[in-house]
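Asks: This is entry29.cif, which holds mmCIF, C-alpha atoms and all ligand atoms:
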```cif
data_model
loop_
_atom_site.group_PDB
_atom_site.id
_atom_site.type_symbol
_atom_site.label_atom_id
_atom_site.label_comp_id
_atom_site.auth_asym_id
_atom_site.auth_seq_id
_atom_site.Cartn_x
_atom_site.Cartn_y
_atom_site.Cartn_z
ATOM 1 C CA MET A 971 -57.997 -14.649 28.146
ATOM 2 C CA GLN A 972 -54.700 -16.482 28.029
ATOM 3 C CA GLY A 973 -53.164 -18.251 25.052
ATOM 4 C CA LYS A 974 -50.118 -19.127 23.037
ATOM 5 C CA ILE A 975 -48.781 -17.287 19.977
ATOM 6 C CA ILE A 976 -48.648 -19.853 17.187
ATOM 7 C CA LYS A 977 -47.910 -17.623 14.194
ATOM 8 C CA ILE A 978 -46.622 -14.136 13.456
ATOM 9 C CA ILE A 979 -46.866 -12.438 10.073
ATOM 10 C CA SER A 980 -45.603 -8.861 10.228
ATOM 11 C CA ASN A 981 -47.794 -7.258 12.945
ATOM 12 C CA ASP A 982 -50.470 -9.931 13.091
ATOM 13 C CA PHE A 983 -50.128 -12.345 15.974
ATOM 14 C CA THR A 984 -52.204 -15.520 15.810
ATOM 15 C CA VAL A 985 -53.070 -16.624 19.329
ATOM 16 C CA LEU A 986 -54.520 -20.006 20.259
ATOM 17 C CA CYS A 987 -56.465 -19.452 23.473
ATOM 18 C CA ASP A 988 -56.916 -21.869 26.325
ATOM 19 C CA ASP A 989 -60.532 -22.420 25.228
ATOM 20 C CA ASN A 990 -59.211 -23.530 21.793
ATOM 21 C CA THR A 991 -60.425 -20.442 19.939
ATOM 22 C CA ILE A 992 -58.015 -18.668 17.608
ATOM 23 C CA HIS A 993 -57.649 -14.878 17.503
ATOM 24 C CA THR A 994 -55.562 -12.592 15.351
ATOM 25 C CA CYS A 995 -54.192 -9.842 17.567
ATOM 26 C CA LYS A 996 -52.006 -6.778 17.486
ATOM 27 C CA ALA A 997 -49.291 -6.116 20.028
ATOM 28 C CA ARG A 998 -49.626 -3.050 22.222
ATOM 29 C CA GLY A 999 -47.286 -0.168 21.559
ATOM 30 C CA LYS A 1000 -45.978 -0.336 25.104
ATOM 31 C CA PHE A 1001 -44.093 -3.537 24.287
ATOM 32 C CA ARG A 1002 -41.920 -1.613 21.880
ATOM 33 C CA ASN A 1003 -41.022 0.869 24.606
ATOM 34 C CA GLN A 1004 -40.246 -1.960 27.017
ATOM 35 C CA LYS A 1005 -38.217 -3.695 24.314
ATOM 36 C CA ILE A 1006 -40.415 -6.779 24.497
ATOM 37 C CA VAL A 1007 -40.874 -8.506 21.162
ATOM 38 C CA PRO A 1008 -43.623 -11.124 21.388
ATOM 39 C CA LEU A 1009 -42.397 -14.373 19.817
ATOM 40 C CA VAL A 1010 -43.943 -17.545 18.500
ATOM 41 C CA GLY A 1011 -44.266 -19.806 21.538
ATOM 42 C CA ASP A 1012 -45.031 -16.959 23.951
ATOM 43 C CA TYR A 1013 -47.809 -17.331 26.478
ATOM 44 C CA VAL A 1014 -49.793 -14.104 26.422
ATOM 45 C CA LYS A 1015 -52.816 -12.437 27.940
ATOM 46 C CA ILE A 1016 -55.125 -10.901 25.386
ATOM 47 C CA ASP A 1017 -57.975 -8.423 25.514
ATOM 48 C CA LEU A 1018 -60.733 -10.038 23.448
ATOM 49 C CA ASP A 1019 -62.694 -6.792 22.985
ATOM 50 C CA ASN A 1020 -59.925 -5.173 20.977
ATOM 51 C CA ASN A 1021 -57.844 -8.215 20.061
ATOM 52 C CA TYR A 1022 -54.767 -6.790 21.698
ATOM 53 C CA ILE A 1023 -51.933 -8.659 23.381
ATOM 54 C CA MET A 1024 -51.816 -7.108 26.854
ATOM 55 C CA GLU A 1025 -49.070 -9.070 28.529
ATOM 56 C CA VAL A 1026 -46.265 -11.480 27.641
ATOM 57 C CA LEU A 1027 -45.691 -14.082 30.367
ATOM 58 C CA PRO A 1028 -42.170 -15.081 31.463
ATOM 59 C CA ARG A 1029 -40.288 -17.385 29.088
ATOM 60 C CA LYS A 1030 -38.663 -20.724 29.806
ATOM 61 C CA ASN A 1031 -36.091 -20.105 27.051
ATOM 62 C CA GLU A 1032 -35.771 -18.338 23.741
ATOM 63 C CA LEU A 1033 -33.878 -18.722 20.521
ATOM 64 C CA LEU A 1034 -32.897 -15.831 18.300
ATOM 65 C CA ARG A 1035 -32.621 -17.724 15.097
ATOM 66 C CA PRO A 1036 -35.266 -18.939 14.592
ATOM 67 C CA ALA A 1037 -37.088 -16.420 16.802
ATOM 68 C CA ILE A 1038 -39.139 -18.708 19.013
ATOM 69 C CA CYS A 1039 -39.465 -19.401 22.732
ATOM 70 C CA ASN A 1040 -40.648 -21.885 25.357
ATOM 71 C CA ILE A 1041 -39.164 -24.776 23.403
ATOM 72 C CA ASP A 1042 -38.698 -28.325 24.707
ATOM 73 C CA GLN A 1043 -36.556 -29.762 21.946
ATOM 74 C CA VAL A 1044 -34.986 -28.963 18.618
ATOM 75 C CA PHE A 1045 -34.915 -31.310 15.659
ATOM 76 C CA ILE A 1046 -31.737 -30.559 13.772
ATOM 77 C CA ILE A 1047 -32.624 -31.519 10.225
ATOM 78 C CA ALA A 1048 -29.273 -32.588 8.814
ATOM 79 C CA SER A 1049 -29.068 -33.248 5.122
ATOM 80 C CA THR A 1050 -26.580 -35.990 4.227
ATOM 81 C CA THR A 1051 -26.248 -34.809 0.610
ATOM 82 C CA LYS A 1052 -27.648 -31.943 -1.485
ATOM 83 C CA PRO A 1053 -26.767 -29.938 0.573
ATOM 84 C CA GLU A 1054 -23.720 -31.901 1.782
ATOM 85 C CA PHE A 1055 -23.534 -33.274 5.318
ATOM 86 C CA ASP A 1056 -22.066 -30.356 7.270
ATOM 87 C CA THR A 1057 -20.512 -31.236 10.651
ATOM 88 C CA ASN A 1058 -19.571 -27.616 11.305
ATOM 89 C CA LEU A 1059 -23.192 -26.520 11.100
ATOM 90 C CA LEU A 1060 -24.380 -29.571 13.038
ATOM 91 C CA ASP A 1061 -21.902 -28.983 15.868
ATOM 92 C CA LYS A 1062 -22.834 -25.307 15.970
ATOM 93 C CA LEU A 1063 -26.542 -26.103 16.280
ATOM 94 C CA LEU A 1064 -25.840 -28.746 18.936
ATOM 95 C CA VAL A 1065 -23.830 -26.287 21.022
ATOM 96 C CA ILE A 1066 -26.527 -23.609 20.711
ATOM 97 C CA ALA A 1067 -29.225 -26.089 21.764
ATOM 98 C CA GLU A 1068 -27.185 -27.337 24.738
ATOM 99 C CA TYR A 1069 -26.418 -23.790 25.823
ATOM 100 C CA ASN A 1070 -30.115 -22.940 25.761
ATOM 101 C CA LEU A 1071 -31.008 -26.136 27.668
ATOM 102 C CA ILE A 1072 -33.053 -27.461 24.759
ATOM 103 C CA LYS A 1073 -32.820 -31.160 23.948
ATOM 104 C CA PRO A 1074 -31.427 -31.683 20.432
ATOM 105 C CA VAL A 1075 -32.396 -34.577 18.167
ATOM 106 C CA ILE A 1076 -30.389 -35.185 14.993
ATOM 107 C CA CYS A 1077 -32.658 -36.087 12.100
ATOM 108 C CA LEU A 1078 -30.892 -37.262 8.925
ATOM 109 C CA THR A 1079 -32.409 -36.608 5.520
ATOM 110 C CA LYS A 1080 -31.728 -37.738 1.948
ATOM 111 C CA LEU A 1081 -30.086 -41.018 2.960
ATOM 112 C CA ASP A 1082 -31.898 -42.426 -0.082
ATOM 113 C CA LEU A 1083 -29.722 -40.288 -2.358
ATOM 114 C CA LEU A 1084 -26.409 -41.578 -0.959
ATOM 115 C CA THR A 1085 -24.283 -44.059 -2.850
ATOM 116 C CA GLU A 1086 -23.191 -47.120 -0.911
ATOM 117 C CA SER A 1087 -19.643 -45.790 -0.563
ATOM 118 C CA LYS A 1088 -20.762 -42.331 0.534
ATOM 119 C CA LEU A 1089 -23.004 -43.911 3.148
ATOM 120 C CA GLU A 1090 -20.057 -45.969 4.482
ATOM 121 C CA GLU A 1091 -18.023 -42.775 4.662
ATOM 122 C CA LEU A 1092 -20.660 -40.981 6.719
ATOM 123 C CA LYS A 1093 -21.663 -43.838 9.030
ATOM 124 C CA PRO A 1094 -18.827 -43.262 11.524
ATOM 125 C CA TYR A 1095 -20.135 -39.720 12.060
ATOM 126 C CA PHE A 1096 -23.669 -40.911 12.742
ATOM 127 C CA GLU A 1097 -22.317 -43.570 15.123
ATOM 128 C CA TYR A 1098 -20.179 -41.036 16.946
ATOM 129 C CA TYR A 1099 -23.089 -38.699 17.660
ATOM 130 C CA LYS A 1100 -25.031 -41.700 19.000
ATOM 131 C CA LYS A 1101 -22.078 -42.779 21.125
ATOM 132 C CA ILE A 1102 -21.845 -39.429 22.864
ATOM 133 C CA GLY A 1103 -25.531 -39.576 23.710
ATOM 134 C CA TYR A 1104 -27.519 -37.925 20.951
ATOM 135 C CA GLU A 1105 -30.654 -39.317 19.418
ATOM 136 C CA VAL A 1106 -29.968 -39.848 15.688
ATOM 137 C CA VAL A 1107 -33.006 -40.721 13.544
ATOM 138 C CA PRO A 1108 -33.471 -41.002 9.785
ATOM 139 C CA ASN A 1109 -36.359 -38.912 8.417
ATOM 140 C CA THR A 1110 -37.954 -42.144 7.203
ATOM 141 C CA ASP A 1111 -38.554 -43.480 10.728
ATOM 142 C CA LEU A 1112 -41.891 -41.751 11.204
ATOM 143 C CA ASP A 1113 -42.967 -43.883 14.167
ATOM 144 C CA LYS A 1114 -39.886 -42.951 16.137
ATOM 145 C CA ILE A 1115 -40.220 -39.298 15.155
ATOM 146 C CA LYS A 1116 -43.890 -39.193 16.164
ATOM 147 C CA ALA A 1117 -43.031 -40.705 19.530
ATOM 148 C CA LEU A 1118 -40.341 -38.067 20.064
ATOM 149 C CA LEU A 1119 -42.713 -35.214 19.168
ATOM 150 C CA LYS A 1120 -45.506 -36.287 21.489
ATOM 151 C CA ASP A 1121 -46.479 -33.702 24.115
ATOM 152 C CA LYS A 1122 -43.538 -31.425 23.308
ATOM 153 C CA ILE A 1123 -42.898 -28.099 21.619
ATOM 154 C CA THR A 1124 -40.316 -28.888 18.957
ATOM 155 C CA VAL A 1125 -38.479 -26.618 16.579
ATOM 156 C CA PHE A 1126 -37.314 -27.941 13.228
ATOM 157 C CA THR A 1127 -34.134 -26.215 12.194
ATOM 158 C CA GLY A 1128 -31.420 -26.756 9.630
ATOM 159 C CA GLN A 1129 -30.148 -25.225 6.477
ATOM 160 C CA SER A 1130 -32.308 -24.297 3.564
ATOM 161 C CA GLY A 1131 -33.228 -27.303 1.444
ATOM 162 C CA ALA A 1132 -32.421 -29.847 4.172
ATOM 163 C CA GLY A 1133 -35.996 -31.146 4.178
ATOM 164 C CA LYS A 1134 -37.729 -29.611 7.201
ATOM 165 C CA SER A 1135 -41.024 -28.840 5.491
ATOM 166 C CA THR A 1136 -40.940 -32.134 3.581
ATOM 167 C CA LEU A 1137 -40.734 -34.098 6.833
ATOM 168 C CA LEU A 1138 -43.559 -32.090 8.398
ATOM 169 C CA ASN A 1139 -45.758 -32.824 5.389
ATOM 170 C CA ARG A 1140 -44.958 -36.514 5.729
ATOM 171 C CA LEU A 1141 -45.930 -36.454 9.376
ATOM 172 C CA GLU A 1142 -49.156 -34.641 8.648
ATOM 173 C CA PRO A 1143 -50.135 -34.582 4.940
ATOM 174 C CA ASN A 1144 -52.829 -31.966 5.537
ATOM 175 C CA PHE A 1145 -50.181 -29.417 6.568
ATOM 176 C CA ASN A 1146 -49.544 -28.976 2.866
ATOM 177 C CA ILE A 1147 -46.470 -26.820 3.437
ATOM 178 C CA LYS A 1148 -44.722 -25.551 0.359
ATOM 179 C CA THR A 1149 -41.406 -27.252 -0.296
ATOM 180 C CA ASN A 1150 -38.877 -26.530 -2.936
ATOM 181 C CA GLU A 1151 -36.449 -28.046 -5.343
ATOM 182 C CA ILE A 1152 -32.804 -27.686 -4.587
ATOM 183 C CA SER A 1153 -31.001 -25.456 -7.018
ATOM 184 C CA ASP A 1154 -28.713 -27.848 -8.882
ATOM 185 C CA ALA A 1155 -26.070 -25.220 -9.407
ATOM 186 C CA LEU A 1156 -25.750 -24.283 -5.743
ATOM 187 C CA GLY A 1157 -26.751 -27.566 -4.130
ATOM 188 C CA ARG A 1158 -28.899 -25.643 -1.698
ATOM 189 C CA GLY A 1159 -32.476 -24.590 -1.259
ATOM 190 C CA LYS A 1160 -34.116 -21.316 -2.096
ATOM 191 C CA HIS A 1161 -35.623 -20.406 1.267
ATOM 192 C CA THR A 1162 -39.107 -21.693 0.661
ATOM 193 C CA THR A 1163 -40.401 -21.249 4.199
ATOM 194 C CA ARG A 1164 -40.634 -17.592 5.143
ATOM 195 C CA HIS A 1165 -42.125 -17.344 8.585
ATOM 196 C CA THR A 1166 -42.141 -19.284 11.816
ATOM 197 C CA GLU A 1167 -45.324 -21.057 12.798
ATOM 198 C CA LEU A 1168 -46.322 -23.666 15.381
ATOM 199 C CA LEU A 1169 -48.329 -26.563 13.981
ATOM 200 C CA ASN A 1170 -50.222 -29.180 15.943
ATOM 201 C CA THR A 1171 -49.298 -32.814 15.360
ATOM 202 C CA ASN A 1172 -49.633 -35.971 17.362
ATOM 203 C CA ASP A 1173 -50.416 -34.172 20.642
ATOM 204 C CA GLY A 1174 -47.364 -31.984 20.223
ATOM 205 C CA TRP A 1175 -46.416 -28.693 18.610
ATOM 206 C CA VAL A 1176 -43.839 -28.351 15.865
ATOM 207 C CA ALA A 1177 -42.362 -25.255 14.333
ATOM 208 C CA ASP A 1178 -41.243 -25.224 10.767
ATOM 209 C CA THR A 1179 -38.763 -22.406 10.388
ATOM 210 C CA PRO A 1180 -37.085 -20.788 7.439
ATOM 211 C CA GLY A 1181 -33.720 -22.401 6.799
ATOM 212 C CA PHE A 1182 -30.488 -20.512 6.541
ATOM 213 C CA SER A 1183 -27.234 -20.970 4.761
ATOM 214 C CA SER A 1184 -24.556 -22.348 7.015
ATOM 215 C CA LEU A 1185 -22.580 -19.131 7.355
ATOM 216 C CA ASP A 1186 -25.111 -16.566 8.341
ATOM 217 C CA PHE A 1187 -25.313 -16.873 12.077
ATOM 218 C CA ASN A 1188 -23.015 -17.106 15.051
ATOM 219 C CA MET A 1189 -23.189 -18.188 18.637
ATOM 220 C CA LEU A 1190 -24.619 -14.966 20.023
ATOM 221 C CA GLY A 1191 -23.941 -14.245 23.642
ATOM 222 C CA MET A 1192 -21.717 -17.272 24.153
ATOM 223 C CA THR A 1193 -18.156 -17.044 25.439
ATOM 224 C CA LYS A 1194 -15.323 -19.432 24.620
ATOM 225 C CA ALA A 1195 -15.926 -21.158 27.933
ATOM 226 C CA ASP A 1196 -19.632 -21.522 27.141
ATOM 227 C CA ILE A 1197 -18.732 -23.204 23.876
ATOM 228 C CA ARG A 1198 -16.296 -25.531 25.634
ATOM 229 C CA ASP A 1199 -18.841 -26.449 28.276
ATOM 230 C CA ASN A 1200 -21.472 -27.348 25.714
ATOM 231 C CA PHE A 1201 -19.421 -29.904 23.795
ATOM 232 C CA ILE A 1202 -21.034 -32.637 25.852
ATOM 233 C CA GLU A 1203 -18.397 -35.337 25.462
ATOM 234 C CA PHE A 1204 -15.671 -33.013 26.785
ATOM 235 C CA GLN A 1205 -17.506 -32.587 30.060
ATOM 236 C CA GLU A 1206 -16.979 -35.989 31.629
ATOM 237 C CA LEU A 1207 -13.343 -36.092 30.513
ATOM 238 C CA ARG A 1208 -12.181 -32.616 31.468
ATOM 239 C CA ASP A 1209 -11.320 -33.523 35.044
ATOM 240 C CA ASN A 1210 -8.379 -35.443 33.607
ATOM 241 C CA CYS A 1211 -6.837 -32.281 32.130
ATOM 242 C CA LYS A 1212 -3.995 -30.835 34.202
ATOM 243 C CA TYR A 1213 -5.654 -27.448 34.579
ATOM 244 C CA LYS A 1214 -9.143 -26.960 35.848
ATOM 245 C CA ASP A 1215 -9.836 -24.169 33.363
ATOM 246 C CA CYS A 1216 -8.184 -26.002 30.443
ATOM 247 C CA MET A 1217 -9.466 -24.749 27.080
ATOM 248 C CA HIS A 1218 -8.228 -27.946 25.374
ATOM 249 C CA PHE A 1219 -6.318 -25.842 22.891
ATOM 250 C CA ASN A 1220 -2.793 -24.622 23.613
ATOM 251 C CA ASP A 1221 -2.846 -26.044 27.111
ATOM 252 C CA ASP A 1222 -0.297 -28.461 28.592
ATOM 253 C CA LYS A 1223 -1.239 -31.990 29.557
ATOM 254 C CA CYS A 1224 -4.698 -31.747 28.058
ATOM 255 C CA PHE A 1225 -6.585 -35.022 28.217
ATOM 256 C CA ILE A 1226 -9.086 -33.956 25.557
ATOM 257 C CA LYS A 1227 -6.279 -33.498 23.015
ATOM 258 C CA ASN A 1228 -5.055 -37.002 23.906
ATOM 259 C CA GLU A 1229 -8.479 -38.413 23.304
ATOM 260 C CA VAL A 1230 -8.595 -36.733 19.897
ATOM 261 C CA GLN A 1231 -5.211 -38.254 19.022
ATOM 262 C CA ASN A 1232 -6.209 -41.754 20.032
ATOM 263 C CA GLY A 1233 -9.532 -41.493 18.189
ATOM 264 C CA ASN A 1234 -11.921 -41.480 21.128
ATOM 265 C CA ILE A 1235 -13.026 -37.955 20.266
ATOM 266 C CA MET A 1236 -13.889 -37.451 16.619
ATOM 267 C CA GLN A 1237 -11.437 -35.234 14.761
ATOM 268 C CA SER A 1238 -14.133 -33.115 13.085
ATOM 269 C CA ARG A 1239 -15.756 -32.322 16.436
ATOM 270 C CA TYR A 1240 -12.488 -31.107 17.846
ATOM 271 C CA GLU A 1241 -11.638 -29.089 14.730
ATOM 272 C CA ASN A 1242 -15.050 -27.435 14.796
ATOM 273 C CA TYR A 1243 -14.574 -26.648 18.472
ATOM 274 C CA ILE A 1244 -11.271 -24.933 17.721
ATOM 275 C CA LYS A 1245 -12.882 -22.976 14.865
ATOM 276 C CA PHE A 1246 -15.686 -21.809 17.137
ATOM 277 C CA ILE A 1247 -13.483 -20.646 20.000
ATOM 278 C CA THR A 1248 -10.877 -18.985 17.812
ATOM 279 C CA ASN A 1249 -13.685 -16.944 16.206
ATOM 280 C CA LYS A 1250 -14.589 -15.497 19.589
ATOM 281 C CA GLU A 1251 -12.856 -12.597 21.274
ATOM 282 C CA LYS A 1252 -13.789 -13.640 24.796
HETATM 283 N N1 LIG A 1301 -34.567 -37.662 -2.087
HETATM 284 C C1 LIG A 1301 -34.960 -36.946 -1.015
HETATM 285 N N2 LIG A 1301 -35.371 -35.675 -1.184
HETATM 286 C C2 LIG A 1301 -35.756 -34.974 -0.088
HETATM 287 C C3 LIG A 1301 -35.726 -35.533 1.218
HETATM 288 N N3 LIG A 1301 -36.155 -34.584 2.089
HETATM 289 C C4 LIG A 1301 -36.420 -33.487 1.359
HETATM 290 N N4 LIG A 1301 -36.183 -33.703 0.043
HETATM 291 C C5 LIG A 1301 -36.323 -32.740 -1.070
HETATM 292 O O1 LIG A 1301 -35.466 -31.605 -0.792
HETATM 293 C C6 LIG A 1301 -36.064 -30.404 -1.282
HETATM 294 C C7 LIG A 1301 -36.066 -29.347 -0.182
HETATM 295 O O2 LIG A 1301 -36.941 -29.736 0.852
HETATM 296 P P1 LIG A 1301 -37.739 -28.701 1.795
HETATM 297 O O3 LIG A 1301 -38.578 -29.553 2.688
HETATM 298 O O4 LIG A 1301 -38.402 -27.643 1.016
HETATM 299 O O5 LIG A 1301 -36.522 -28.050 2.600
HETATM 300 P P2 LIG A 1301 -36.605 -27.003 3.815
HETATM 301 O O6 LIG A 1301 -35.616 -27.468 4.825
HETATM 302 O O7 LIG A 1301 -38.001 -26.850 4.281
HETATM 303 O O8 LIG A 1301 -36.060 -25.659 3.113
HETATM 304 P P3 LIG A 1301 -36.367 -24.116 3.516
HETATM 305 O O9 LIG A 1301 -37.837 -23.980 3.736
HETATM 306 O O10 LIG A 1301 -35.865 -23.320 2.362
HETATM 307 O O11 LIG A 1301 -35.568 -23.838 4.751
HETATM 308 C C8 LIG A 1301 -37.432 -30.796 -1.806
HETATM 309 O O12 LIG A 1301 -37.354 -30.926 -3.208
HETATM 310 C C9 LIG A 1301 -37.713 -32.148 -1.182
HETATM 311 O O13 LIG A 1301 -38.554 -32.946 -1.973
HETATM 312 C C10 LIG A 1301 -35.293 -36.914 1.365
HETATM 313 O O14 LIG A 1301 -35.200 -37.481 2.465
HETATM 314 N N5 LIG A 1301 -34.914 -37.540 0.208
HETATM 315 MG MG MG A 1302 -39.222 -25.179 4.411
HETATM 316 ZN ZN ZN A 1303 -7.997 -29.983 28.223
#
```
Please re-express this file's structure in structure tokens.
Ligand SMILES: Nc1nc2c(ncn2[C@@H]2O[C@H](COP(=O)(O)OP(=O)(O)OP(=O)(O)O)[C@@H](O)[C@H]2O)c(=O)[nH]1
Ligand SMILES: [Mg+2]
Ligand SMILES: [Zn+2]

Replies:
Amino acid sequence: MQGKIIKIISNDFTVLCDDNTIHTCKARGKFRNQKIVPLVGDYVKIDLDNNYIMEVLPRKNELLRPAICNIDQVFIIASTTKPEFDTNLLDKLLVIAEYNLIKPVICLTKLDLLTESKLEELKPYFEYYKKIGYEVVPNTDLDKIKALLKDKITVFTGQSGAGKSTLLNRLEPNFNIKTNEISDALGRGKHTTRHTELLNTNDGWVADTPGFSSLDFNMLGMTKADIRDNFIEFQELRDNCKYKDCMHFNDDKCFIKNEVQNGNIMQSRYENYIKFITNKEK
């Protein structure tokens, strides 16, 4: 029987089979020897007599953090306050999604908590991400969000306390996922969600994932050039740089740097880019 892993808690793999039955399975020891770790999102063959996963089918893509595979899109749940709007984290998640060929959607939360002046301050950022081609939706626009989720496997990611589980509960009140108060002292969440699980909503699948604090992961496996090539707005402009392999950093006659100076590329995007590449050895 074939199915999809929708939940993993320690060594118990919950598999939704093609006939819509659900089975809790163990993974065979041989996977450990072959260094295969079955992930949420994996298509697997199971032996129903023993409830064992026998085979993991090839993956379309996979993310390490959260550990999930065969994803169509990622909802980056970006808090605008409590925790503060964080362009460094947002740009990092966008680059990781682009690199993995997963469509990112930026979903803004806690707009209701912003003062008028704070909202005015942040608007240019939201507009910029739209201008360069990203979908930017407030977490209150449930119709739009439902339309985006339809028929897709979507991962919700973002830092702890950003409002991932809250949005999922709004989309589907019977999910009843635990959410948590933000610690006032730290302005961040307390890691309420502990495991990754695929949930069925509106003819699509969504994964709530445990959040993280903005520092604790890096762009694994990516080189400086990979990072450069996944800042999407640099791509169409780079042909105007003098050198074909321009890194848009210390290079002569760099068109990207010009565009930053004249305001066509947002300063924070460029600064984050420089931070990312200078953190990398290669
Ligand atoms: N005012 C306001 N509060 C929100 C909004 N979204 C979420 N919250 C609150 O923010 C807190 C954290 O929300 P969660 O949904 O638990 O955050 P999470 O991203 O799932 O956090 P982790 O599971 O720890 O990764 C809760 O108290 C929510 O009620 C929003 O749009 N506006
Ligand atoms: Mg949560
Ligand atoms: Zn350049």

Asks: Rank nothing, just name the residue among A:Asp1012, A:Asp989, A:Glu1142, A:Asp1056 nearest to Val1176 (chain A), using only C-alpha atoms.

Replies: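 Looking only at the distances to Val1176 (chain A), the closest residue turns out to be A:Glu1142.
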
Asks: Would you mind telling me which residue in A:Ala1177, A:Val1230, A:Met1024, A:Met1189 lies nearest to Leu1059 (chain A) when using all atoms listed in the file?

Replies: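 For Leu1059 (chain A), the nearest of the given residues is A:Met1189.
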
Asks: Spell out the residues picked by the PyMOL selection byres (((chain A and resi 1031-1043) around 9) and not hetatm) here, as a short mmCIF file (atom, residue, chain, number, x, y, z; two decimals) with C-alpha atoms, in the frame of the given file.

Replies:
```cif
data_model
loop_
_atom_site.label_atom_id
_atom_site.label_comp_id
_atom_site.auth_asym_id
_atom_site.auth_seq_id
_atom_site.Cartn_x
_atom_site.Cartn_y
_atom_site.Cartn_z
CA LEU A 1009 -42.40 -14.37 19.82
CA VAL A 1010 -43.94 -17.55 18.50
CA GLY A 1011 -44.27 -19.81 21.54
CA ASP A 1012 -45.03 -16.96 23.95
CA TYR A 1013 -47.81 -17.33 26.48
CA ARG A 1029 -40.29 -17.39 29.09
CA LYS A 1030 -38.66 -20.72 29.81
CA VAL A 1044 -34.99 -28.96 18.62
CA PHE A 1045 -34.92 -31.31 15.66
CA ILE A 1066 -26.53 -23.61 20.71
CA ALA A 1067 -29.22 -26.09 21.76
CA ASN A 1070 -30.12 -22.94 25.76
CA LEU A 1071 -31.01 -26.14 27.67
CA ILE A 1072 -33.05 -27.46 24.76
CA LYS A 1073 -32.82 -31.16 23.95
CA PRO A 1074 -31.43 -31.68 20.43
CA VAL A 1075 -32.40 -34.58 18.17
CA LEU A 1119 -42.71 -35.21 19.17
CA LYS A 1122 -43.54 -31.42 23.31
CA ILE A 1123 -42.90 -28.10 21.62
CA THR A 1124 -40.32 -28.89 18.96
CA VAL A 1125 -38.48 -26.62 16.58
CA PHE A 1126 -37.31 -27.94 13.23
CA THR A 1127 -34.13 -26.22 12.19
CA THR A 1166 -42.14 -19.28 11.82
CA ALA A 1177 -42.36 -25.26 14.33
CA THR A 1179 -38.76 -22.41 10.39
CA PRO A 1180 -37.08 -20.79 7.44
CA GLY A 1181 -33.72 -22.40 6.80
CA PHE A 1187 -25.31 -16.87 12.08
CA LEU A 1190 -24.62 -14.97 20.02
#
```

Asks: If you measure from CA of Ile1006 (chain A) to CA of His993 (chain A), what distance in Å do you get, rounded to one decimal?

Replies: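 We find that CA of Ile1006 (chain A) and CA of His993 (chain A) lie 20.3 Å from each other.
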
Asks: Counting all atoms listed in the file, which residues of chain A sit at most 6 Å from some atom of ligand ZN 1303 (chain A), and what is each one's closest atom pair with its distance in Å to one decimal, listed by chain and rising residue number, as JSON lines?

Replies:
```
{"residue": "A:Arg1208", "atom": "CA", "partner": "A:ZN1303", "partner_atom": "ZN", "distance": 5.9}
{"residue": "A:Cys1211", "atom": "CA", "partner": "A:ZN1303", "partner_atom": "ZN", "distance": 4.7}
{"residue": "A:Cys1216", "atom": "CA", "partner": "A:ZN1303", "partner_atom": "ZN", "distance": 4.6}
{"residue": "A:Met1217", "atom": "CA", "partner": "A:ZN1303", "partner_atom": "ZN", "distance": 5.6}
{"residue": "A:His1218", "atom": "CA", "partner": "A:ZN1303", "partner_atom": "ZN", "distance": 3.5}
{"residue": "A:Cys1224", "atom": "CA", "partner": "A:ZN1303", "partner_atom": "ZN", "distance": 3.7}
{"residue": "A:Phe1225", "atom": "CA", "partner": "A:ZN1303", "partner_atom": "ZN", "distance": 5.2}
{"residue": "A:Ile1226", "atom": "CA", "partner": "A:ZN1303", "partner_atom": "ZN", "distance": 4.9}
```

Asks: For the residues selected in the previous step, produce a file with C-alpha atoms as a PDB file, keeping the file's coordinate frame.

Replies:
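Contents of the output file selection.pdb:
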```
ATOM      1  CA  ARG A1208     -12.181 -32.616  31.468  1.00  0.00           C
ATOM      2  CA  CYS A1211      -6.837 -32.281  32.130  1.00  0.00           C
ATOM      3  CA  CYS A1216      -8.184 -26.002  30.443  1.00  0.00           C
ATOM      4  CA  MET A1217      -9.466 -24.749  27.080  1.00  0.00           C
ATOM      5  CA  HIS A1218      -8.228 -27.946  25.374  1.00  0.00           C
ATOM      6  CA  CYS A1224      -4.698 -31.747  28.058  1.00  0.00           C
ATOM      7  CA  PHE A1225      -6.585 -35.022  28.217  1.00  0.00           C
ATOM      8  CA  ILE A1226      -9.086 -33.956  25.557  1.00  0.00           C
TER       9      ILE A1226
END
```

Asks: On this file, the PyMOL selection byres (((chain A and resi 1102-1106) around 9) and not hetatm) gives some set of residues; write that set as a ChimeraX atom specification.

Replies: /A:1074-1078,1096-1101,1107-1108,1202-1203

Asks: Using only C-alpha atoms and all ligand atoms, can you tell me which of A:Ser1049, A:Ser1130, A:Asn981, A:Thr1171 comes closest to ligand MG 1302 (chain A)?

Replies: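 Once distances to ligand MG 1302 (chain A) are computed over only C-alpha atoms and all ligand atoms, the minimum belongs to A:Ser1130.
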
Asks: Given all atoms listed in the file as the basis, pick out the residue of A:Ile992, A:Leu1118, A:Met1192, A:Ile1047 nearest to ligand MG 1302 (chain A).

Replies: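 Smallest distance to ligand MG 1302 (chain A) is found for A:Ile1047.
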
Asks: Using only C-alpha atoms, which of the listed residues (A:Asp1113, A:Gly1191, A:Tyr1095, A:Asp1199) sits closest to Asp1215 (chain A)?

Replies: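 Checking each of A:Asp1113, A:Gly1191, A:Tyr1095, A:Asp1199 against Asp1215 (chain A), counting only C-alpha atoms, the winner is A:Asp1199.
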
Asks: Could you tell me which of A:Asn1172, A:Thr991, A:Gln1205, A:Thr1079 comes closest to ligand LIG 1301 (chain A) if we count all atoms listed in the file?

Replies: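 So, comparing all the options, the nearest one is A:Thr1079.
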